[in-house]
file protein-v5.cif (mmCIF, C-alpha atoms)
data_upload
#
loop_
_atom_site.label_atom_id
_atom_site.label_comp_id
_atom_site.auth_asym_id
_atom_site.auth_seq_id
_atom_site.Cartn_x
_atom_site.Cartn_y
_atom_site.Cartn_z
CA MET A 252 27.56 21.46 14.54
CA ALA A 253 24.19 21.29 12.81
CA ARG A 254 23.86 17.58 13.59
CA TRP A 255 24.13 18.22 17.33
CA LEU A 256 21.81 21.26 17.22
CA ARG A 257 18.92 19.21 15.83
CA PRO A 258 18.22 17.24 19.05
CA LEU A 259 18.40 20.49 21.06
CA VAL A 260 15.92 22.25 18.80
CA GLY A 261 13.63 19.22 18.89
CA ALA A 262 13.81 19.08 22.68
CA LEU A 263 12.85 22.72 22.95
CA LEU A 264 9.82 22.08 20.78
CA LEU A 265 8.76 19.22 23.02
CA LEU A 266 9.09 21.34 26.15
CA GLU A 267 6.26 23.58 25.05
CA GLY A 268 3.28 22.64 27.17
CA ALA A 269 4.62 19.20 28.17
CA ALA A 270 1.96 17.46 30.24
CA ALA A 271 2.49 16.25 33.80
CA LEU A 272 2.57 12.46 33.70
CA SER A 273 2.32 9.80 36.38
CA PHE A 274 5.49 7.82 36.96
CA LEU A 275 4.56 4.39 38.29
CA HIS A 276 5.34 0.76 37.58
CA HIS A 277 2.35 -0.76 35.80
CA ARG A 278 1.28 -4.35 36.37
CA TYR A 279 -0.50 -6.06 33.48
CA GLU A 280 -4.02 -4.85 34.31
CA GLU A 281 -2.72 -1.32 34.89
CA LEU A 282 -0.80 -1.42 31.60
CA VAL A 283 -3.98 -2.39 29.74
CA GLN A 284 -5.90 0.40 31.47
CA ALA A 285 -3.19 2.92 30.56
CA LEU A 286 -3.26 1.91 26.89
CA PHE A 287 -7.04 2.10 26.65
CA GLY A 288 -6.91 5.39 28.54
CA VAL A 289 -4.69 6.86 25.82
CA GLN A 290 -6.94 5.44 23.12
CA SER A 291 -10.01 7.04 24.71
CA GLN A 292 -8.22 10.41 24.88
CA CYS A 293 -7.11 10.28 21.22
CA PRO A 294 -9.69 8.06 19.52
CA TYR A 295 -9.23 9.49 16.03
CA VAL A 296 -5.48 8.88 15.78
CA THR A 297 -5.06 5.67 17.80
CA ARG A 298 -6.01 2.01 17.68
CA ILE A 299 -5.34 -0.87 20.05
CA TYR A 300 -4.87 -4.38 18.73
CA SER A 301 -3.43 -7.64 20.03
CA ILE A 302 -0.91 -9.68 18.04
CA GLY A 303 -1.48 -12.80 20.16
CA ARG A 304 -1.21 -14.10 23.69
CA SER A 305 1.60 -15.06 26.05
CA VAL A 306 2.07 -18.55 27.50
CA GLU A 307 -0.24 -17.63 30.40
CA GLY A 308 -2.83 -16.05 28.13
CA ARG A 309 -2.05 -12.34 28.49
CA HIS A 310 -2.60 -10.24 25.38
CA LEU A 311 0.39 -8.79 23.57
CA TYR A 312 -1.16 -5.38 22.99
CA VAL A 313 0.00 -2.79 20.49
CA LEU A 314 -1.05 0.86 20.45
CA GLU A 315 -1.02 2.39 16.97
CA PHE A 316 -0.77 6.11 16.17
CA SER A 317 -1.81 7.25 12.69
CA ASP A 318 -4.09 9.80 11.05
CA TYR A 319 -5.88 6.75 9.62
CA PRO A 320 -5.58 4.06 12.32
CA GLY A 321 -5.76 0.52 11.02
CA ILE A 322 -4.97 1.52 7.43
CA HIS A 323 -1.68 1.45 5.60
CA GLU A 324 -1.42 4.56 3.45
CA PRO A 325 0.82 4.24 0.39
CA LEU A 326 4.20 5.95 0.90
CA GLU A 327 3.62 6.27 4.68
CA PRO A 328 6.29 4.22 6.50
CA GLU A 329 5.55 1.80 9.34
CA PHE A 330 7.57 2.11 12.57
CA LYS A 331 7.58 0.02 15.75
CA TYR A 332 8.87 0.07 19.31
CA VAL A 333 8.98 -3.15 21.36
CA GLY A 334 9.60 -3.12 25.11
CA ASN A 335 9.96 -5.55 28.01
CA MET A 336 11.17 -8.51 25.93
CA HIS A 337 13.04 -9.57 29.03
CA GLY A 338 10.42 -9.47 31.77
CA ASN A 339 12.72 -8.01 34.41
CA GLU A 340 14.02 -5.19 32.17
CA VAL A 341 11.17 -2.82 32.84
CA LEU A 342 12.26 0.71 31.99
CA GLY A 343 11.41 0.32 28.29
CA ARG A 344 7.89 -0.79 29.25
CA GLU A 345 7.33 2.35 31.31
CA LEU A 346 8.97 4.65 28.76
CA LEU A 347 6.69 3.38 26.00
CA LEU A 348 3.62 3.99 28.15
CA GLN A 349 4.92 7.49 28.83
CA LEU A 350 5.63 8.00 25.13
CA SER A 351 2.10 6.89 24.22
CA GLU A 352 0.54 9.35 26.65
CA PHE A 353 2.93 12.07 25.53
CA LEU A 354 2.16 11.65 21.82
CA CYS A 355 -1.56 11.80 22.56
CA GLU A 356 -1.28 14.88 24.80
CA GLU A 357 0.96 16.79 22.41
CA TYR A 358 -1.25 15.93 19.45
CA ARG A 359 -4.26 17.30 21.31
CA ARG A 360 -2.27 20.45 22.16
CA GLY A 361 -1.48 20.97 18.47
CA ASN A 362 2.28 20.44 18.79
CA GLU A 363 3.38 20.87 15.17
CA ARG A 364 6.24 18.39 15.35
CA ILE A 365 4.16 15.62 16.91
CA THR A 366 1.19 16.28 14.65
CA ARG A 367 3.40 16.00 11.56
CA LEU A 368 4.97 12.82 12.90
CA ILE A 369 1.61 11.13 13.48
CA HIS A 370 0.22 12.28 10.14
CA ASP A 371 3.28 11.12 8.19
CA THR A 372 4.10 7.90 10.05
CA ARG A 373 2.22 4.81 11.19
CA ILE A 374 3.66 4.19 14.67
CA HIS A 375 3.18 0.87 16.50
CA ILE A 376 4.06 0.69 20.21
CA MET A 377 4.20 -2.63 22.09
CA PRO A 378 5.07 -1.85 25.73
CA SER A 379 5.49 -5.50 26.75
CA MET A 380 6.46 -8.54 24.70
CA ASN A 381 6.86 -10.63 27.86
CA PRO A 382 4.01 -9.79 30.27
CA ASP A 383 4.33 -13.14 32.07
CA GLY A 384 7.97 -12.58 32.91
CA TYR A 385 7.21 -9.05 34.07
CA GLU A 386 4.67 -10.29 36.60
CA VAL A 387 7.29 -12.62 38.09
CA ALA A 388 9.81 -9.76 38.33
CA ALA A 389 7.22 -7.31 39.69
CA LYS A 390 6.37 -9.61 42.59
CA GLN A 391 9.99 -9.26 43.72
CA GLY A 392 9.91 -5.50 43.21
CA PRO A 393 12.82 -3.18 42.42
CA ASP A 394 14.49 -3.57 45.82
CA SER A 395 14.93 -7.34 45.93
CA ASN A 396 14.64 -8.28 42.27
CA GLY A 397 17.22 -10.85 41.17
CA TYR A 398 19.29 -10.22 38.07
CA LEU A 399 17.52 -13.05 36.18
CA THR A 400 14.18 -13.17 38.04
CA GLY A 401 11.44 -12.84 35.42
CA ARG A 402 13.86 -12.47 32.51
CA ASN A 403 12.42 -15.44 30.60
CA ASN A 404 8.84 -16.21 29.63
CA ALA A 405 6.57 -18.57 31.58
CA ASN A 406 8.24 -21.57 29.88
CA GLY A 407 11.65 -20.44 31.08
CA VAL A 408 12.80 -19.39 27.60
CA ASP A 409 14.82 -16.27 26.81
CA LEU A 410 12.79 -14.69 24.01
CA ASN A 411 15.84 -12.90 22.62
CA ARG A 412 17.48 -16.27 21.99
CA ASN A 413 14.35 -17.83 20.47
CA PHE A 414 14.07 -16.57 16.89
CA PRO A 415 15.06 -18.80 13.94
CA ASP A 416 18.83 -18.68 13.44
CA LEU A 417 19.03 -16.94 10.09
CA ASN A 418 22.56 -15.70 10.76
CA THR A 419 24.02 -19.17 10.32
CA LEU A 420 22.11 -19.57 7.06
CA MET A 421 23.29 -16.14 5.95
CA TYR A 422 26.95 -16.86 6.71
CA TYR A 423 26.76 -20.13 4.79
CA SER A 424 24.94 -18.40 1.93
CA ARG A 425 27.61 -15.70 1.83
CA GLU A 426 30.30 -18.33 1.26
CA ILE A 427 28.47 -19.41 -1.89
CA SER A 428 27.62 -15.81 -2.91
CA GLY A 429 23.99 -16.19 -1.84
CA PRO A 430 21.64 -13.51 -0.48
CA ASN A 431 21.68 -11.99 3.01
CA HIS A 432 18.13 -10.68 2.90
CA HIS A 433 14.64 -12.17 3.02
CA ILE A 434 16.09 -15.52 3.99
CA PRO A 435 13.31 -18.15 4.09
CA LEU A 436 12.43 -19.75 7.41
CA PRO A 437 13.16 -23.41 8.14
CA ASP A 438 10.23 -25.75 7.52
CA ASN A 439 9.83 -26.62 11.22
CA TRP A 440 10.33 -23.11 12.62
CA LYS A 441 6.93 -22.86 14.33
CA SER A 442 7.68 -25.84 16.53
CA GLN A 443 10.95 -24.23 17.65
CA VAL A 444 9.62 -20.91 18.99
CA GLU A 445 7.56 -19.72 21.95
CA PRO A 446 4.03 -18.25 21.63
CA GLU A 447 5.34 -14.71 22.11
CA THR A 448 8.01 -15.19 19.46
CA LEU A 449 5.53 -16.76 17.06
CA ALA A 450 3.18 -13.80 17.53
CA VAL A 451 5.96 -11.30 16.80
CA ILE A 452 7.13 -13.15 13.68
CA GLN A 453 3.58 -13.24 12.33
CA TRP A 454 3.21 -9.56 13.23
CA ILE A 455 6.33 -8.40 11.40
CA SER A 456 5.37 -10.59 8.44
CA SER A 457 2.00 -8.80 8.21
CA TYR A 458 3.27 -5.20 8.31
CA ASN A 459 5.95 -3.73 6.09
CA PHE A 460 7.95 -2.22 8.94
CA VAL A 461 10.82 0.05 7.94
CA LEU A 462 12.49 0.94 11.24
CA SER A 463 12.30 -0.44 14.77
CA ALA A 464 13.90 -0.40 18.20
CA ASN A 465 13.83 -3.05 20.91
CA LEU A 466 14.10 -1.60 24.44
CA HIS A 467 16.20 -3.44 27.06
CA GLY A 468 18.02 -2.70 30.32
CA GLY A 469 21.20 -3.58 32.17
CA ALA A 470 23.48 -1.21 30.24
CA VAL A 471 23.29 2.19 28.54
CA VAL A 472 24.15 1.86 24.84
CA ALA A 473 22.55 1.74 21.39
CA ASN A 474 23.37 -1.67 19.91
CA TYR A 475 23.11 -2.43 16.18
CA PRO A 476 23.44 -5.59 13.98
CA TYR A 477 24.87 -8.02 13.57
CA ASP A 478 24.48 -9.45 17.05
CA LYS A 479 25.97 -12.80 16.06
CA SER A 480 29.52 -13.21 14.86
CA GLN A 481 30.38 -15.82 12.29
CA ASP A 482 32.94 -17.45 14.57
CA GLN A 483 31.30 -18.86 17.71
CA ARG A 484 33.73 -21.63 18.53
CA PHE A 485 34.37 -20.26 22.01
CA ARG A 486 30.81 -20.20 23.27
CA SER A 487 31.79 -20.04 26.93
CA HIS A 488 33.52 -16.67 26.48
CA ARG A 489 32.26 -13.34 25.25
CA ARG A 490 33.44 -12.73 21.72
CA THR A 491 34.49 -9.27 20.63
CA VAL A 492 34.49 -9.60 16.87
CA ASN A 493 33.04 -6.63 14.98
CA THR A 494 30.49 -8.12 12.57
CA PRO A 495 29.04 -5.37 10.35
CA THR A 496 26.06 -5.60 8.04
CA PRO A 497 26.16 -4.21 4.49
CA ASP A 498 24.33 -1.20 6.01
CA ASP A 499 26.88 -0.67 8.78
CA LYS A 500 27.33 3.09 8.31
CA LEU A 501 23.57 3.58 8.24
CA PHE A 502 23.13 1.53 11.42
CA GLN A 503 25.82 3.57 13.14
CA LYS A 504 24.00 6.75 12.19
CA LEU A 505 20.70 5.39 13.50
CA ALA A 506 22.31 4.37 16.79
CA LYS A 507 24.00 7.77 17.15
CA THR A 508 20.70 9.52 16.55
CA TYR A 509 19.40 7.92 19.72
CA SER A 510 22.58 8.15 21.78
CA TYR A 511 23.18 11.85 21.09
CA ALA A 512 19.54 12.77 21.68
CA HIS A 513 19.73 10.91 25.02
CA SER A 514 20.89 12.94 28.00
CA TRP A 515 24.00 10.88 28.76
CA MET A 516 24.20 7.76 26.55
CA HIS A 517 26.56 9.46 24.08
CA ARG A 518 29.14 10.17 26.79
CA GLY A 519 30.27 6.56 26.56
CA TRP A 520 31.01 5.78 30.23
CA ASN A 521 27.97 4.08 31.75
CA CYS A 522 27.43 1.15 34.12
CA GLY A 523 31.17 0.51 34.29
CA ASP A 524 31.43 0.05 30.51
CA TYR A 525 32.73 2.36 27.83
CA PHE A 526 31.21 2.57 24.34
CA ALA A 527 32.48 5.30 22.01
CA ASP A 528 29.58 7.63 21.09
CA GLY A 529 27.33 5.41 23.22
CA ILE A 530 26.91 2.85 20.44
CA THR A 531 28.22 -0.63 19.67
CA ASN A 532 28.05 -3.36 17.08
CA GLY A 533 26.31 -6.26 18.82
CA ALA A 534 28.86 -8.95 18.06
CA SER A 535 31.66 -6.54 18.96
CA TRP A 536 30.16 -6.37 22.45
CA TYR A 537 29.38 -10.10 22.69
CA SER A 538 27.97 -12.60 20.24
CA LEU A 539 24.30 -13.44 20.58
CA SER A 540 22.49 -16.15 18.62
CA LYS A 541 18.81 -16.17 17.56
CA GLY A 542 18.22 -12.53 18.52
CA MET A 543 15.33 -10.38 17.34
CA GLN A 544 17.21 -7.47 15.77
CA ASP A 545 19.24 -9.66 13.40
CA PHE A 546 16.07 -11.58 12.54
CA ASN A 547 14.31 -8.36 11.52
CA TYR A 548 17.16 -7.42 9.18
CA LEU A 549 17.58 -10.85 7.61
CA TYR A 550 13.91 -11.80 7.21
CA THR A 551 12.03 -8.53 6.63
CA ASN A 552 12.55 -5.01 5.30
CA CYS A 553 12.92 -3.68 8.84
CA PHE A 554 16.08 -2.11 10.25
CA GLU A 555 16.08 -2.71 14.01
CA ILE A 556 18.46 -1.67 16.76
CA THR A 557 18.49 -2.65 20.45
CA LEU A 558 18.45 0.11 23.06
CA GLU A 559 19.96 -0.68 26.47
CA LEU A 560 18.54 2.11 28.61
CA SER A 561 19.47 1.72 32.27
CA CYS A 562 22.13 0.17 34.48
CA ASN A 563 19.36 -0.96 36.82
CA LYS A 564 17.07 -3.44 35.13
CA PHE A 565 14.18 -2.58 37.51
CA PRO A 566 14.70 1.06 38.55
CA PRO A 567 12.69 2.41 41.49
CA GLU A 568 9.65 4.57 40.76
CA GLU A 569 11.38 7.70 41.98
CA ASP A 570 13.88 7.33 39.11
CA LEU A 571 11.28 6.96 36.36
CA GLU A 572 10.72 10.68 35.76
CA ARG A 573 14.45 11.35 35.39
CA GLN A 574 14.72 8.45 32.96
CA TRP A 575 11.76 9.70 30.95
CA MET A 576 13.25 13.16 30.62
CA ALA A 577 16.56 11.59 29.51
CA ASN A 578 14.89 9.46 26.80
CA ARG A 579 11.95 11.58 25.63
CA GLU A 580 13.68 13.49 22.85
CA ALA A 581 15.61 10.39 21.76
CA LEU A 582 12.43 8.33 21.44
CA VAL A 583 10.86 10.95 19.18
CA ALA A 584 14.03 11.67 17.18
CA PHE A 585 14.52 7.99 16.43
CA ILE A 586 11.00 7.67 15.00
CA GLU A 587 11.80 10.59 12.69
CA GLU A 588 14.71 8.61 11.25
CA VAL A 589 12.19 6.49 9.34
CA HIS A 590 11.86 9.47 6.99
CA GLN A 591 15.23 9.28 5.23
CA GLY A 592 16.59 7.60 2.13
CA ILE A 593 14.28 6.89 -0.80
CA LYS A 594 10.71 5.75 -1.19
CA GLY A 595 8.27 5.37 -4.04
CA MET A 596 5.86 3.20 -5.97
CA VAL A 597 6.69 0.21 -8.15
CA SER A 598 3.92 -0.20 -10.71
CA ASP A 599 3.19 -1.73 -14.08
CA GLU A 600 2.35 0.13 -17.26
CA ASN A 601 -1.28 0.45 -16.11
CA ASN A 602 -0.21 2.02 -12.80
CA ASN A 603 -1.09 -1.08 -10.80
CA GLY A 604 1.18 -1.55 -7.80
CA ILE A 605 3.59 -4.50 -7.95
CA ALA A 606 3.99 -6.27 -4.61
CA GLY A 607 7.23 -8.01 -3.78
CA ALA A 608 9.35 -6.07 -6.27
CA VAL A 609 13.03 -6.15 -5.32
CA ILE A 610 14.83 -2.84 -4.72
CA SER A 611 18.60 -3.17 -5.05
CA VAL A 612 21.16 -0.46 -4.32
CA GLN A 613 24.48 -0.74 -6.12
CA GLY A 614 27.31 -1.24 -3.65
CA ILE A 615 25.04 -2.36 -0.77
CA SER A 616 24.40 -6.09 -0.88
CA HIS A 617 21.11 -6.03 1.00
CA ASP A 618 17.82 -5.72 -0.87
CA ILE A 619 14.35 -4.73 0.29
CA THR A 620 10.97 -5.43 -1.33
CA SER A 621 7.84 -3.45 -2.09
CA GLY A 622 4.74 -3.90 0.02
CA ASP A 623 1.28 -5.16 -0.93
CA MET A 624 0.36 -1.84 -2.58
CA GLY A 625 3.64 -1.58 -4.48
CA ASP A 626 5.18 1.08 -2.26
CA TYR A 627 8.71 0.64 -0.93
CA PHE A 628 10.98 2.36 1.59
CA ARG A 629 14.77 2.11 1.51
CA LEU A 630 16.70 3.80 4.34
CA LEU A 631 19.91 5.37 3.03
CA LEU A 632 22.46 7.94 4.12
CA PRO A 633 22.77 11.16 2.09
CA GLY A 634 24.56 10.54 -1.19
CA THR A 635 24.08 9.52 -4.81
CA TYR A 636 22.94 5.97 -5.53
CA THR A 637 22.21 3.68 -8.45
CA VAL A 638 18.98 1.84 -7.69
CA THR A 639 17.33 -1.03 -9.56
CA ALA A 640 13.75 -2.28 -9.27
CA SER A 641 12.99 -5.77 -10.55
CA ALA A 642 10.04 -8.15 -10.43
CA GLU A 643 9.24 -11.50 -11.94
CA GLY A 644 7.71 -11.09 -15.39
CA TYR A 645 8.95 -7.50 -15.80
CA GLN A 646 11.98 -5.82 -17.27
CA PRO A 647 14.22 -4.37 -14.53
CA LEU A 648 14.64 -0.62 -14.38
CA THR A 649 17.70 1.23 -13.07
CA VAL A 650 17.90 4.90 -12.08
CA THR A 651 20.41 7.17 -10.38
CA THR A 652 19.16 9.37 -7.55
CA THR A 653 20.55 11.71 -4.91
CA VAL A 654 19.47 11.47 -1.28
CA GLY A 655 19.50 14.60 0.85
CA PRO A 656 19.65 14.94 4.65
CA ALA A 657 16.20 16.42 5.24
CA ALA A 658 13.56 14.16 3.70
CA PRO A 659 13.29 10.99 1.62
CA SER A 660 13.68 11.28 -2.14
CA LEU A 661 10.71 10.10 -4.18
CA VAL A 662 11.80 7.54 -6.77
CA HIS A 663 9.03 5.76 -8.66
CA PHE A 664 9.50 2.77 -10.94
CA GLN A 665 7.15 1.83 -13.76
CA LEU A 666 8.14 -1.58 -15.05
CA LYS A 667 7.38 -2.95 -18.47
CA GLN A 668 6.28 -6.53 -18.85
CA GLU A 669 8.72 -8.91 -20.44
CA VAL A 670 7.76 -9.96 -23.95
CA VAL A 671 6.83 -13.63 -23.82
CA ARG A 672 6.61 -15.20 -27.26
CA LYS A 673 4.09 -17.92 -27.98
CA PRO A 674 5.47 -21.35 -28.91
CA ALA A 675 4.37 -20.92 -32.56
CA GLU A 676 6.13 -17.56 -32.73
CA ARG A 677 9.28 -19.03 -31.24
CA ARG A 678 9.19 -21.87 -33.82
CA ALA A 679 8.65 -19.42 -36.68
CA SER A 680 11.45 -17.23 -35.39
CA GLY A 681 13.66 -20.28 -35.14
CA THR A 682 12.81 -21.23 -38.72
CA ARG A 683 13.69 -17.75 -39.94
CA MET A 684 16.97 -17.90 -38.09
CA ASN A 685 17.72 -21.33 -39.56
CA ASN A 686 16.91 -20.09 -43.06
CA LYS A 687 19.30 -17.18 -42.60
CA ALA A 688 21.96 -19.53 -41.39
CA LEU A 689 21.42 -21.77 -44.39
CA GLN A 690 21.57 -18.80 -46.74
CA LYS A 691 24.98 -17.92 -45.30
CA LYS A 692 26.13 -21.45 -45.91
CA VAL A 693 24.63 -21.79 -49.43
CA VAL A 694 26.81 -19.26 -51.22
CA PRO A 695 27.94 -19.15 -54.90
CA ARG A 696 30.50 -21.76 -55.91
CA ALA A 697 33.15 -19.14 -56.72
CA THR A 698 32.88 -17.65 -53.24
CA ARG A 699 33.03 -21.08 -51.63
CA ARG A 700 36.20 -21.86 -53.51
CA GLY A 701 37.84 -18.76 -52.09
CA THR A 702 36.98 -19.64 -48.51
CA GLN A 703 38.24 -23.26 -48.54
CA ARG A 704 41.52 -24.15 -46.86
#
call {"tool": "encode", "arguments": {"input": "protein-v5.cif", "output": "structure tokens"}}
result
Amino acid sequence: MARWLRPLVGALLLLEGAAALSFLHHRYEELVQALFGVQSQCPYVTRIYSIGRSVEGRHLYVLEFSDYPGIHEPLEPEFKYVGNMHGNEVLGRELLLQLSEFLCEEYRRGNERITRLIHDTRIHIMPSMNPDGYEVAAKQGPDSNGYLTGRNNANGVDLNRNFPDLNTLMYYSREISGPNHHIPLPDNWKSQVEPETLAVIQWISSYNFVLSANLHGGAVVANYPYDKSQDQRFRSHRRTVNTPTPDDKLFQKLAKTYSYAHSWMHRGWNCGDYFADGITNGASWYSLSKGMQDFNYLYTNCFEITLELSCNKFPPEEDLERQWMANREALVAFIEEVHQGIKGMVSDENNNGIAGAVISVQGISHDITSGDMGDYFRLLLPGTYTVTASAEGYQPLTVTTTVGPAAPSLVHFQLKQEVVRKPAERRASGTRMNNKALQKKVVPRATRRGTQR
């Protein structure tokens, strides 16, 4: 019962002094004004930055919440929300604007839970990844909006089918016992993606994100990797082949955290579909190639899920407040999930951080790496694990640790450099070994006689 009480307790905390918010659809200029309005209200814990521009030149703005905006603090995890990837799926866009205003207001009110979250987490919120598509959909409005109107970007490309196909590389690699993590990009990848996709890939390559959610519409379910099944021979039909990652149980827990904190997602029956617990493996629903959530998992350290939040892709304004109240606790509870598992520093014998060190967990064939400062974050379910840190030029180190349900366990690794002998030393050592070998061979005649056949 304790698992289900947690969202209730959290929701009660959020109800204290909740601010009255405006519930409107925001065009691009209004979205920008709303973001800068939040930043002006909470200047000491927020920062606005752009990761690039859309096809038509609109900024892809991100609002950051942190006690030190613009700075990565060692051992403080990075989290992100991305909305409006499909331009006509607009609820996520509005929810993220509401969340931004809510976090600011509650921080100013001294809400202990929100204050702790902002102080302990670096939160990045991108309300719209596809502002061009949104403008096309918004011109139609919620009453006459077509199912596909504005879905794609200005070049007519579906951004959630536009990332490099690392799944195919991973499935091939798995057949030859290769890795399924940090898969390198094809040489020509930049020429294959749209400006918005390029900006996001460069963004997630620059920040060591740990956890993420991508907000969509058209269904009500929390969807987790893999999105693409290995068998896609029947491309004209939806495939229902469960395709789990090595972190399948963890992903299920992350998805359930959102679904059970949501007012009705966990009930399962929504929009004419049924999903047990309100969650689904992506490929079990239908196979999707070149999607963003699989790309995050296969290319970076980030664990991303996709949240389908409304049957109506473009809900009317009068429904926005109800949707916000249904998602508010879930949006906050999911951010808090970044604080589970293990984290620590990987350093050398002089306490200098080692970037790019590999963190491997026995029994889970998916590694993560340390960031530029040497800190790492590995999401794990409660349990006991054998963990190894390794880096080029250093001796690997293995420890056993226990993860609890409340907070991440601190596990630091101090690696010793490998002893590299100079060529002269190696020759001298070889000579000594040869001499010993000769000594074994040059034995007294009597002994030799006894050993002959």
call {"tool": "residues_near_point", "arguments": {"input": "protein-v5.cif", "point": "(25.6, 4.8, 23.0)", "cutoff": "8 Å", "atoms": "only C-alpha atoms", "output": "list of chain:residue names"}}
result
A:Val471, A:Val472, A:Ala473, A:Asn474, A:Ala506, A:Lys507, A:Tyr509, A:Ser510, A:Tyr511, A:Met516, A:His517, A:Arg518, A:Gly519, A:Phe526, A:Ala527, A:Asp528, A:Gly529, A:Ile530, A:Thr531
call {"tool": "write_last_selection", "arguments": {"input": "protein-v5.cif", "atoms": "C-alpha atoms", "output": "tab-separated table (two decimals), keeping the file's coordinate frame"}}
result
chain	number	residue	atom	x	y	z
A	471	VAL	CA	23.29	2.19	28.54
A	472	VAL	CA	24.15	1.86	24.84
A	473	ALA	CA	22.55	1.74	21.39
A	474	ASN	CA	23.37	-1.67	19.91
A	506	ALA	CA	22.31	4.37	16.79
A	507	LYS	CA	24.00	7.77	17.15
A	509	TYR	CA	19.40	7.92	19.72
A	510	SER	CA	22.58	8.15	21.78
A	511	TYR	CA	23.18	11.85	21.09
A	516	MET	CA	24.20	7.76	26.55
A	517	HIS	CA	26.56	9.46	24.08
A	518	ARG	CA	29.14	10.17	26.79
A	519	GLY	CA	30.27	6.56	26.56
A	526	PHE	CA	31.21	2.57	24.34
A	527	ALA	CA	32.48	5.30	22.01
A	528	ASP	CA	29.58	7.63	21.09
A	529	GLY	CA	27.33	5.41	23.22
A	530	ILE	CA	26.91	2.85	20.44
A	531	THR	CA	28.22	-0.63	19.67
call {"tool": "residues_around", "arguments": {"input": "protein-v5.cif", "residues": "A:Ser540", "least_positions_apart": "6", "cutoff": "7 Å", "atoms": "all atoms listed in the file", "output": "ChimeraX atom specification"}}
result
/A:412,416,479
call {"tool": "residues_around", "arguments": {"input": "protein-v5.cif", "residues": "stretch 377-386 of chain A", "least_positions_apart": "4", "cutoff": "6 Å", "atoms": "all atoms listed in the file", "output": "ChimeraX atom specification"}}
result
/A:313,333-336,338-339,344,347,401-405
call {"tool": "write_last_selection", "arguments": {"input": "protein-v5.cif", "atoms": "C-alpha atoms", "output": "PDB file, in the frame of the given file"}}
result
ATOM      1  CA  VAL A 313       0.000  -2.790  20.490  1.00  0.00           C
ATOM      2  CA  VAL A 333       8.980  -3.150  21.360  1.00  0.00           C
ATOM      3  CA  GLY A 334       9.600  -3.120  25.110  1.00  0.00           C
ATOM      4  CA  ASN A 335       9.960  -5.550  28.010  1.00  0.00           C
ATOM      5  CA  MET A 336      11.170  -8.510  25.930  1.00  0.00           C
ATOM      6  CA  GLY A 338      10.420  -9.470  31.770  1.00  0.00           C
ATOM      7  CA  ASN A 339      12.720  -8.010  34.410  1.00  0.00           C
ATOM      8  CA  ARG A 344       7.890  -0.790  29.250  1.00  0.00           C
ATOM      9  CA  LEU A 347       6.690   3.380  26.000  1.00  0.00           C
ATOM     10  CA  GLY A 401      11.440 -12.840  35.420  1.00  0.00           C
ATOM     11  CA  ARG A 402      13.860 -12.470  32.510  1.00  0.00           C
ATOM     12  CA  ASN A 403      12.420 -15.440  30.600  1.00  0.00           C
ATOM     13  CA  ASN A 404       8.840 -16.210  29.630  1.00  0.00           C
ATOM     14  CA  ALA A 405       6.570 -18.570  31.580  1.00  0.00           C
TER      15      ALA A 405
END
call {"tool": "residues_around", "arguments": {"input": "protein-v5.cif", "residues": "A:Ser535", "least_positions_apart": "6", "cutoff": "10 Å", "atoms": "all atoms listed in the file", "output": "ChimeraX atom specification"}}
result
/A:474-480,489-495
call {"tool": "closest_residue", "arguments": {"input": "protein-v5.cif", "among": "A:Ala388, A:Met543, A:Val671, A:Ile434", "to": "A:Thr400", "atoms": "only C-alpha atoms"}}
result
A:Ala388
call {"tool": "closest_residue", "arguments": {"input": "protein-v5.cif", "among": "A:Tyr295, A:Phe287, A:Asn547, A:Ser424", "to": "A:Ile369", "atoms": "all atoms listed in the file"}}
result
A:Tyr295
